[in-house]
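K.L.:
Hey, dropping query_24.json in here, JSON, C-alpha atoms:
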[["chain", "number", "residue", "atom", "x", "y", "z"],
["A", 1, "MET", "CA", 0.35, 1.18, -15.35],
["A", 2, "LYS", "CA", 3.55, 0.16, -13.58],
["A", 3, "PRO", "CA", 4.89, 2.40, -10.80],
["A", 4, "GLU", "CA", 7.92, 4.49, -11.69],
["A", 5, "ALA", "CA", 9.58, 3.77, -8.35],
["A", 6, "THR", "CA", 9.14, 1.54, -5.33],
["A", 7, "TYR", "CA", 9.86, 2.55, -1.72],
["A", 8, "LEU", "CA", 9.75, 0.89, 1.71],
["A", 9, "ASP", "CA", 8.84, 3.80, 4.00],
["A", 10, "PRO", "CA", 5.26, 5.10, 4.17],
["A", 11, "ILE", "CA", 4.71, 8.70, 3.11],
["A", 12, "GLY", "CA", 3.63, 11.15, 5.80],
["A", 13, "GLY", "CA", 1.00, 13.58, 4.55],
["A", 14, "TRP", "CA", -1.36, 16.09, 6.17],
["A", 15, "ARG", "CA", -5.14, 15.98, 6.11],
["A", 16, "ALA", "CA", -8.35, 16.60, 8.04],
["A", 17, "TRP", "CA", -11.17, 14.41, 9.31],
["A", 18, "ARG", "CA", -14.65, 15.02, 10.63],
["A", 19, "ILE", "CA", -15.47, 13.17, 13.84],
["A", 20, "MET", "CA", -18.89, 11.60, 13.64],
["A", 21, "ILE", "CA", -21.04, 9.52, 15.90],
["A", 22, "PHE", "CA", -21.10, 5.85, 14.85],
["A", 23, "LEU", "CA", -24.04, 3.57, 15.57],
["A", 24, "SER", "CA", -23.68, -0.20, 15.74],
["A", 25, "LEU", "CA", -26.35, -2.85, 16.18],
["A", 26, "ASP", "CA", -24.36, -4.81, 18.77],
["A", 27, "LYS", "CA", -21.93, -2.30, 20.32],
["A", 28, "PRO", "CA", -22.27, 0.90, 22.35],
["A", 29, "VAL", "CA", -22.40, 4.23, 20.57],
["A", 30, "SER", "CA", -18.91, 5.39, 19.64],
["A", 31, "TRP", "CA", -17.13, 7.89, 17.40],
["A", 32, "ARG", "CA", -15.20, 7.56, 14.16],
["A", 33, "LEU", "CA", -12.87, 9.57, 12.02],
["A", 34, "ALA", "CA", -14.63, 10.29, 8.75],
["A", 35, "ALA", "CA", -13.85, 11.95, 5.44],
["A", 36, "SER", "CA", -13.78, 15.71, 5.92],
["A", 37, "GLY", "CA", -15.79, 16.49, 2.80],
["A", 38, "THR", "CA", -19.23, 15.20, 1.93],
["A", 39, "HIS", "CA", -17.91, 13.37, -1.14],
["A", 40, "GLY", "CA", -15.08, 11.56, 0.64],
["A", 41, "ILE", "CA", -14.94, 7.83, -0.08],
["A", 42, "PRO", "CA", -14.77, 5.75, 2.05],
["A", 43, "LYS", "CA", -16.62, 7.86, 4.57],
["A", 44, "PHE", "CA", -15.61, 6.18, 7.82],
["A", 45, "TRP", "CA", -12.04, 5.28, 8.85],
["A", 46, "GLN", "CA", -12.29, 2.21, 11.08],
["A", 47, "PRO", "CA", -9.94, 1.92, 14.07],
["A", 48, "ARG", "CA", -6.86, -0.30, 13.89],
["A", 49, "VAL", "CA", -7.35, -1.27, 10.26],
["A", 50, "ALA", "CA", -6.00, 0.40, 7.14],
["A", 51, "THR", "CA", -8.43, 2.54, 5.21],
["A", 52, "ASP", "CA", -8.47, 1.36, 1.60],
["A", 53, "ALA", "CA", -9.28, 3.65, -1.30],
["A", 54, "VAL", "CA", -12.20, 2.94, -3.60],
["A", 55, "CYS", "CA", -13.48, 5.00, -6.50],
["A", 56, "GLY", "CA", -16.91, 6.35, -5.64],
["A", 57, "ARG", "CA", -17.97, 7.16, -9.21],
["A", 58, "PHE", "CA", -21.02, 5.20, -10.33],
["A", 59, "GLU", "CA", -19.46, 4.44, -13.71],
["A", 60, "SER", "CA", -16.03, 3.56, -12.29],
["A", 61, "THR", "CA", -14.27, 0.48, -13.64],
["A", 62, "HIS", "CA", -10.79, 0.96, -12.21],
["A", 63, "ASP", "CA", -8.50, 0.50, -9.22],
["A", 64, "ALA", "CA", -8.09, 3.37, -6.80],
["A", 65, "PRO", "CA", -6.19, 5.60, -6.99],
["A", 66, "TRP", "CA", -6.34, 5.90, -10.76],
["A", 67, "PRO", "CA", -4.00, 8.41, -12.42],
["A", 68, "ALA", "CA", -6.65, 10.04, -14.62],
["A", 69, "CYS", "CA", -9.32, 10.13, -11.87],
["A", 70, "THR", "CA", -9.59, 12.00, -8.56],
["A", 71, "CYS", "CA", -10.12, 8.88, -6.44],
["A", 72, "GLY", "CA", -7.81, 7.76, -3.66],
["A", 73, "ILE", "CA", -7.10, 8.92, -0.14],
["A", 74, "HIS", "CA", -5.98, 12.53, -0.38],
["A", 75, "ALA", "CA", -3.23, 14.16, 1.66],
["A", 76, "TYR", "CA", -1.21, 17.34, 1.29],
["A", 77, "ALA", "CA", 2.56, 17.56, 1.47],
["A", 78, "ASP", "CA", 2.48, 20.99, 3.13],
["A", 79, "ARG", "CA", 0.94, 21.42, 6.57],
["A", 80, "GLU", "CA", -0.22, 24.99, 6.01],
["A", 81, "GLU", "CA", -1.96, 24.17, 2.78],
["A", 82, "ALA", "CA", -3.70, 21.22, 4.43],
["A", 83, "PHE", "CA", -4.74, 23.44, 7.33],
["A", 84, "GLU", "CA", -6.32, 25.96, 4.94],
["A", 85, "GLN", "CA", -8.34, 23.11, 3.45],
["A", 86, "PHE", "CA", -9.23, 21.97, 6.97],
["A", 87, "LEU", "CA", -10.59, 25.44, 7.80],
["A", 88, "TYR", "CA", -12.67, 25.43, 4.63],
["A", 89, "PHE", "CA", -14.19, 22.05, 5.49],
["A", 90, "THR", "CA", -15.01, 23.11, 9.06],
["A", 91, "ALA", "CA", -16.83, 26.14, 7.64],
["A", 92, "VAL", "CA", -18.93, 24.29, 5.07],
["A", 93, "ASN", "CA", -19.45, 20.92, 6.81],
["A", 94, "GLY", "CA", -19.24, 21.92, 10.46],
["A", 95, "ARG", "CA", -22.82, 21.14, 11.36],
["A", 96, "GLN", "CA", -22.42, 17.49, 10.44],
["A", 97, "ALA", "CA", -19.59, 16.77, 12.87],
["A", 98, "VAL", "CA", -19.32, 16.36, 16.63],
["A", 99, "GLY", "CA", -15.67, 17.30, 16.33],
["A", 100, "TRP", "CA", -12.77, 17.74, 13.95],
["A", 101, "ALA", "CA", -9.31, 16.26, 13.64],
["A", 102, "PHE", "CA", -6.24, 17.44, 11.78],
["A", 103, "GLY", "CA", -2.86, 15.79, 11.55],
["A", 104, "ARG", "CA", -0.46, 13.49, 9.82],
["A", 105, "VAL", "CA", -1.47, 10.38, 7.94],
["A", 106, "SER", "CA", 0.63, 7.44, 6.80],
["A", 107, "LEU", "CA", 0.17, 6.55, 3.13],
["A", 108, "TRP", "CA", 1.28, 3.41, 1.32],
["A", 109, "GLY", "CA", 0.44, 1.04, -1.50],
["A", 110, "ARG", "CA", -0.03, 2.54, -4.95],
["A", 111, "ILE", "CA", 0.40, 6.30, -4.77],
["A", 112, "VAL", "CA", -0.38, 8.94, -7.37],
["A", 113, "GLU", "CA", 2.07, 11.71, -6.61],
["A", 114, "HIS", "CA", 0.82, 15.25, -7.36],
["A", 115, "GLU", "CA", 2.44, 18.67, -7.33],
["A", 116, "ARG", "CA", 1.19, 19.39, -3.79],
["A", 117, "GLY", "CA", 0.34, 16.01, -2.30],
["A", 118, "TRP", "CA", -0.73, 12.46, -2.92],
["A", 119, "ARG", "CA", -3.65, 10.15, -3.62],
["A", 120, "ALA", "CA", -3.01, 6.83, -1.89],
["A", 121, "GLU", "CA", -4.31, 3.29, -1.94],
["A", 122, "HIS", "CA", -3.97, 2.70, 1.84],
["A", 123, "ALA", "CA", -3.83, 5.06, 4.80],
["A", 124, "TYR", "CA", -3.90, 5.24, 8.60],
["A", 125, "PRO", "CA", -3.78, 8.30, 10.88],
["A", 126, "TYR", "CA", -0.37, 8.93, 12.48],
["A", 127, "ASP", "CA", -1.04, 11.69, 15.01],
["A", 128, "LEU", "CA", -3.92, 14.07, 15.50],
["A", 129, "THR", "CA", -5.06, 17.34, 16.97],
["A", 130, "VAL", "CA", -8.67, 16.83, 17.96],
["A", 131, "TRP", "CA", -11.23, 19.56, 18.64],
["A", 132, "ALA", "CA", -14.08, 17.84, 20.47],
["A", 133, "MET", "CA", -15.55, 17.07, 23.89],
["A", 134, "PRO", "CA", -12.84, 15.53, 26.12],
["A", 135, "HIS", "CA", -14.45, 12.08, 26.23],
["A", 136, "VAL", "CA", -14.71, 12.04, 22.43],
["A", 137, "ALA", "CA", -11.03, 12.94, 22.05],
["A", 138, "ALA", "CA", -10.07, 10.26, 24.60],
["A", 139, "SER", "CA", -12.15, 7.70, 22.73],
["A", 140, "ILE", "CA", -10.51, 8.57, 19.41],
["A", 141, "GLN", "CA", -7.07, 8.25, 21.02],
["A", 142, "SER", "CA", -7.72, 4.84, 22.53],
["A", 143, "MET", "CA", -9.65, 3.34, 19.64],
["A", 144, "TYR", "CA", -7.19, 4.36, 16.93],
["A", 145, "ALA", "CA", -4.09, 4.03, 19.20],
["A", 146, "VAL", "CA", -2.55, 7.26, 17.92],
["A", 147, "ASP", "CA", -1.22, 10.27, 19.77],
["A", 148, "VAL", "CA", -3.89, 12.93, 20.23],
["A", 149, "ASP", "CA", -3.53, 16.58, 21.21],
["A", 150, "ALA", "CA", -7.00, 17.24, 22.60],
["A", 151, "ARG", "CA", -8.45, 20.76, 22.31],
["A", 152, "PRO", "CA", -11.88, 22.06, 23.36],
["A", 153, "HIS", "CA", -14.38, 22.22, 20.52],
["A", 154, "SER", "CA", -14.84, 25.90, 21.34],
["A", 155, "GLU", "CA", -11.22, 26.55, 20.29],
["A", 156, "LEU", "CA", -11.79, 25.22, 16.78],
["A", 157, "PRO", "CA", -10.37, 27.83, 14.38],
["A", 158, "ARG", "CA", -13.12, 29.42, 12.36],
["A", 159, "VAL", "CA", -13.24, 31.17, 9.03],
["A", 160, "VAL", "CA", -16.17, 32.74, 7.24],
["A", 161, "ILE", "CA", -16.76, 31.62, 3.66],
["A", 162, "ALA", "CA", -17.94, 34.59, 1.61],
["B", 1, "MET", "CA", -12.11, 18.05, -2.89],
["B", 2, "ALA", "CA", -8.48, 18.74, -2.23],
["B", 3, "ASP", "CA", -6.63, 20.61, -4.97],
["B", 4, "LEU", "CA", -3.40, 18.67, -5.14],
["B", 5, "GLY", "CA", -2.25, 20.08, -8.46],
["B", 6, "ASP", "CA", -1.34, 18.04, -11.51],
["B", 7, "PRO", "CA", -0.41, 14.36, -11.20],
["B", 8, "LEU", "CA", 3.31, 13.75, -11.65],
["B", 9, "ARG", "CA", 3.93, 10.01, -11.43],
["B", 10, "VAL", "CA", 2.77, 6.74, -9.89],
["B", 11, "ILE", "CA", 4.89, 5.12, -7.18],
["B", 12, "GLU", "CA", 4.50, 2.03, -5.02],
["B", 13, "ILE", "CA", 5.22, 1.85, -1.30],
["B", 14, "THR", "CA", 5.47, -1.59, 0.29],
["B", 15, "PRO", "CA", 6.40, -1.04, 3.96],
["B", 16, "LEU", "CA", 8.09, -3.88, 5.81],
["B", 17, "GLU", "CA", 5.75, -3.20, 8.72],
["B", 18, "LEU", "CA", 2.28, -1.76, 8.25],
["B", 19, "PRO", "CA", 1.76, 1.56, 10.11],
["B", 20, "VAL", "CA", -1.44, 0.22, 11.68],
["B", 21, "PRO", "CA", -1.62, -0.65, 15.39],
["B", 22, "SER", "CA", -2.95, -4.11, 16.13],
["B", 23, "GLU", "CA", -5.53, -4.97, 18.75],
["B", 24, "ASP", "CA", -2.65, -6.09, 21.00],
["B", 25, "ASP", "CA", -0.71, -2.83, 20.79],
["B", 26, "PRO", "CA", -0.70, -0.75, 23.97],
["B", 27, "LEU", "CA", -2.54, 2.52, 24.08],
["B", 28, "PRO", "CA", -0.54, 5.69, 23.41],
["B", 29, "ALA", "CA", 1.32, 7.31, 26.27],
["B", 30, "GLY", "CA", -0.87, 9.49, 28.42],
["B", 31, "GLU", "CA", -4.02, 7.48, 27.87],
["B", 32, "PRO", "CA", -5.92, 7.31, 31.17],
["B", 33, "VAL", "CA", -6.63, 3.81, 32.37],
["B", 34, "GLU", "CA", -10.20, 3.25, 33.43],
["B", 35, "GLU", "CA", -11.10, 1.18, 36.42],
["B", 36, "PRO", "CA", -11.65, -2.47, 35.45],
["B", 37, "GLU", "CA", -15.25, -3.52, 35.53],
["B", 38, "HIS", "CA", -16.23, -5.26, 38.74],
["B", 39, "VAL", "CA", -17.25, -8.88, 38.26],
["B", 40, "GLU", "CA", -19.03, -10.98, 40.92],
["B", 41, "VAL", "CA", -17.33, -14.34, 41.39],
["B", 42, "SER", "CA", -19.31, -17.07, 43.06],
["B", 43, "GLU", "CA", -17.43, -19.54, 45.24]]
Any chance you could put this one into structure tokens?
P.N.:
Amino acid sequence: MKPEATYLDPIGGWRAWRIMIFLSLDKPVSWRLAASGTHGIPKFWQPRVATDAVCGRFESTHDAPWPACTCGIHAYADREEAFEQFLYFTAVNGRQAVGWAFGRVSLWGRIVEHERGWRAEHAYPYDLTVWAMPHVAASIQSMYAVDVDARPHSELPRVVIA
Amino acid sequence: MADLGDPLRVIEITPLELPVPSEDDPLPAGEPVEEPEHVEVSE
């Protein structure tokens, strides 16, 4: 399928990330941005390299994002809608994270445009609000080289899922 | 899974410069600089 239009400027969307501990065989323990939901593919966003979409379905035979699939790197167009999704993820997946991040993400490559956001082929965080221990937030800022508004983990907004 | 609504169209974005900082890029403003590690130099 050929794209309907081609642009030069990356799209700026809104999304959330878990912050998870990352173990390496030959490097000190560090932290990574990770998909905010348990089904997010790829799980980890590596610092200073683009995150590339892949389709995580076992039977998949296509590029990502694919128009008729749900694969691709998701982002919302509207900040408030993305923040509602962020609150949901913190409520259902909170125990698996050492912190949370929310902010803008640059999207480029092949993009499936939706009514309320996008599924992208490539992405990199643009700026973040991070709720975590101060040294974790500082590490995220320096590793990913993005602006970070650091907040205490105790100030993470909470909702109760009925 | 994010509910993004129905798909509308497929577009392509080919930025002239990738929005990814390189290893050589400076840290963001406000990043505290840690003390450099002390190294013993033998004469």
K.L.:
Please identify all polymer residues within 7 Å of B:Val20, counting only C-alpha atoms, omitting same-chain residues fewer than 4 positions from it, and present them as a VMD selection string.
P.N.:
chain A and resid 48 to 50 124
K.L.:
What separation in Å, quoted to one decimal, exists between atom CA of A:Ala82 and atom CA of A:Trp14?
P.N.:
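Going from atom CA of A:Ala82 over to atom CA of A:Trp14, I get 5.9 Å.
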K.L.:
Residues of chain A within 9 Å of chain B, using all atoms listed in the file, as a ChimeraX atom specification?
P.N.:
/A:1-11,37,39-40,47-50,67-68,70,74-77,82,85,106-119,123-126,138,141-148
K.L.:
Work out how far atom CA of A:Trp100 is from atom CA of A:Leu33, in Å to one decimal.
P.N.:
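Separating atom CA of A:Leu33 from atom CA of A:Trp100 is a distance of 8.4 Å.
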K.L.:
Mind giving me the straight-line distance from atom CA of A:Met133 to atom CA of A:Ala34 in Å, one decimal?
P.N.:
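Value for the atom CA of A:Met133-atom CA of A:Ala34 distance: 16.6 Å.
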K.L.:
If you count all atoms listed in the file, which residues fall within 12 Å of stretch 42-44 of chain A, apart from same-chain ones fewer than 5 positions away, as a ChimeraX atom specification?
P.N.:
/A:17-23,31-37,49-57,64,71-74,121-124
K.L.:
I'd like the contact shell of A:Thr129 - 6 Å cut-off, all atoms listed in the file, skipping same-chain residues fewer than 6 positions apart - returned as a ChimeraX atom specification.
P.N.:
/A:101-102,148-150
K.L.:
For A:Thr38, which residue out of A:Phe83, A:Trp131, A:Trp66, A:Phe89 is the nearest one, using all atoms listed in the file?
P.N.:
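Answer, going by the shortest atom-to-atom distance: A:Phe89.
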K.L.:
Output as AutoDock Vina command-line options the centre and edge lengths (Å, one decimal) of the box along x, y and z of the file that holds every listed atom of stretch 120-133 of chain A after adding 5 Å on each side.
P.N.:
--center_x -8.0 --center_y 11.1 --center_z 11.0 --size_x 25.2 --size_y 26.9 --size_z 35.8
K.L.:
Starting from the incomplete input, reconstruct N, CA, C and O atoms of stretch 41-67 of chain A and write that as a JSON list (two decimals), in the coordinates of the input.
P.N.:
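Writing done, so here's rebuild_11.json:
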[["chain", "number", "residue", "atom", "x", "y", "z"],
["A", 41, "ILE", "N", -14.70, 9.26, -0.02],
["A", 41, "ILE", "CA", -14.94, 7.83, -0.08],
["A", 41, "ILE", "C", -13.64, 7.12, 0.28],
["A", 41, "ILE", "O", -12.60, 7.44, -0.30],
["A", 42, "PRO", "N", -13.65, 6.13, 1.20],
["A", 42, "PRO", "CA", -14.77, 5.75, 2.05],
["A", 42, "PRO", "C", -15.03, 6.82, 3.10],
["A", 42, "PRO", "O", -14.14, 7.60, 3.43],
["A", 43, "LYS", "N", -16.25, 6.81, 3.62],
["A", 43, "LYS", "CA", -16.62, 7.86, 4.57],
["A", 43, "LYS", "C", -15.96, 7.65, 5.93],
["A", 43, "LYS", "O", -15.30, 8.55, 6.44],
["A", 44, "PHE", "N", -16.13, 6.44, 6.48],
["A", 44, "PHE", "CA", -15.61, 6.18, 7.82],
["A", 44, "PHE", "C", -14.25, 5.50, 7.77],
["A", 44, "PHE", "O", -14.01, 4.61, 6.95],
["A", 45, "TRP", "N", -13.34, 5.93, 8.65],
["A", 45, "TRP", "CA", -12.04, 5.28, 8.85],
["A", 45, "TRP", "C", -12.19, 4.42, 10.10],
["A", 45, "TRP", "O", -12.36, 4.94, 11.20],
["A", 46, "GLN", "N", -12.10, 3.10, 9.94],
["A", 46, "GLN", "CA", -12.29, 2.21, 11.08],
["A", 46, "GLN", "C", -11.00, 2.12, 11.90],
["A", 46, "GLN", "O", -9.90, 2.18, 11.35],
["A", 47, "PRO", "N", -11.13, 1.97, 13.22],
["A", 47, "PRO", "CA", -9.94, 1.92, 14.07],
["A", 47, "PRO", "C", -9.14, 0.64, 13.88],
["A", 47, "PRO", "O", -9.71, -0.44, 13.72],
["A", 48, "ARG", "N", -7.82, 0.81, 13.89],
["A", 48, "ARG", "CA", -6.86, -0.30, 13.89],
["A", 48, "ARG", "C", -6.92, -1.16, 12.64],
["A", 48, "ARG", "O", -6.51, -2.32, 12.66],
["A", 49, "VAL", "N", -7.45, -0.63, 11.57],
["A", 49, "VAL", "CA", -7.35, -1.27, 10.26],
["A", 49, "VAL", "C", -7.04, -0.18, 9.24],
["A", 49, "VAL", "O", -7.44, 0.98, 9.41],
["A", 50, "ALA", "N", -6.31, -0.56, 8.19],
["A", 50, "ALA", "CA", -6.00, 0.40, 7.14],
["A", 50, "ALA", "C", -7.28, 0.83, 6.44],
["A", 50, "ALA", "O", -8.21, 0.02, 6.26],
["A", 51, "THR", "N", -7.35, 2.07, 6.06],
["A", 51, "THR", "CA", -8.43, 2.54, 5.21],
["A", 51, "THR", "C", -7.99, 2.37, 3.76],
["A", 51, "THR", "O", -6.90, 2.79, 3.38],
["A", 52, "ASP", "N", -8.81, 1.68, 2.98],
["A", 52, "ASP", "CA", -8.47, 1.36, 1.60],
["A", 52, "ASP", "C", -9.29, 2.22, 0.65],
["A", 52, "ASP", "O", -10.51, 2.36, 0.80],
["A", 53, "ALA", "N", -8.60, 2.78, -0.35],
["A", 53, "ALA", "CA", -9.28, 3.65, -1.30],
["A", 53, "ALA", "C", -10.20, 2.85, -2.22],
["A", 53, "ALA", "O", -9.90, 1.72, -2.60],
["A", 54, "VAL", "N", -11.31, 3.45, -2.56],
["A", 54, "VAL", "CA", -12.20, 2.94, -3.60],
["A", 54, "VAL", "C", -12.63, 4.14, -4.42],
["A", 54, "VAL", "O", -12.65, 5.27, -3.92],
["A", 55, "CYS", "N", -12.96, 3.91, -5.67],
["A", 55, "CYS", "CA", -13.48, 5.00, -6.50],
["A", 55, "CYS", "C", -14.99, 5.05, -6.32],
["A", 55, "CYS", "O", -15.67, 4.05, -6.52],
["A", 56, "GLY", "N", -15.49, 6.22, -5.93],
["A", 56, "GLY", "CA", -16.91, 6.35, -5.64],
["A", 56, "GLY", "C", -17.77, 6.68, -6.84],
["A", 56, "GLY", "O", -18.98, 6.82, -6.71],
["A", 57, "ARG", "N", -17.17, 6.80, -8.03],
["A", 57, "ARG", "CA", -17.97, 7.16, -9.21],
["A", 57, "ARG", "C", -18.82, 5.97, -9.63],
["A", 57, "ARG", "O", -18.35, 4.84, -9.70],
["A", 58, "PHE", "N", -20.08, 6.25, -9.97],
["A", 58, "PHE", "CA", -21.02, 5.20, -10.33],
["A", 58, "PHE", "C", -20.51, 4.40, -11.53],
["A", 58, "PHE", "O", -20.65, 3.18, -11.61],
["A", 59, "GLU", "N", -19.89, 5.09, -12.50],
["A", 59, "GLU", "CA", -19.46, 4.44, -13.71],
["A", 59, "GLU", "C", -18.03, 3.91, -13.63],
["A", 59, "GLU", "O", -17.47, 3.42, -14.63],
["A", 60, "SER", "N", -17.44, 3.93, -12.43],
["A", 60, "SER", "CA", -16.03, 3.56, -12.29],
["A", 60, "SER", "C", -15.79, 2.10, -12.63],
["A", 60, "SER", "O", -16.58, 1.21, -12.29],
["A", 61, "THR", "N", -14.66, 1.85, -13.31],
["A", 61, "THR", "CA", -14.27, 0.48, -13.64],
["A", 61, "THR", "C", -12.79, 0.26, -13.34],
["A", 61, "THR", "O", -12.16, -0.60, -13.95],
["A", 62, "HIS", "N", -12.23, 1.05, -12.40],
["A", 62, "HIS", "CA", -10.79, 0.96, -12.21],
["A", 62, "HIS", "C", -10.40, 0.84, -10.74],
["A", 62, "HIS", "O", -11.20, 1.06, -9.84],
["A", 63, "ASP", "N", -9.10, 0.47, -10.54],
["A", 63, "ASP", "CA", -8.50, 0.50, -9.22],
["A", 63, "ASP", "C", -8.47, 1.93, -8.70],
["A", 63, "ASP", "O", -8.56, 2.89, -9.48],
["A", 64, "ALA", "N", -8.29, 2.05, -7.40],
["A", 64, "ALA", "CA", -8.09, 3.37, -6.80],
["A", 64, "ALA", "C", -6.78, 3.36, -6.01],
["A", 64, "ALA", "O", -6.50, 2.38, -5.32],
["A", 65, "PRO", "N", -5.97, 4.41, -6.15],
["A", 65, "PRO", "CA", -6.19, 5.60, -6.99],
["A", 65, "PRO", "C", -5.87, 5.31, -8.45],
["A", 65, "PRO", "O", -5.02, 4.49, -8.75],
["A", 66, "TRP", "N", -6.56, 6.02, -9.33],
["A", 66, "TRP", "CA", -6.34, 5.90, -10.76],
["A", 66, "TRP", "C", -5.75, 7.23, -11.25],
["A", 66, "TRP", "O", -6.25, 8.29, -10.88],
["A", 67, "PRO", "N", -4.68, 7.16, -12.05],
["A", 67, "PRO", "CA", -4.00, 8.41, -12.42],
["A", 67, "PRO", "C", -4.91, 9.46, -13.04],
["A", 67, "PRO", "O", -4.79, 10.65, -12.73]]
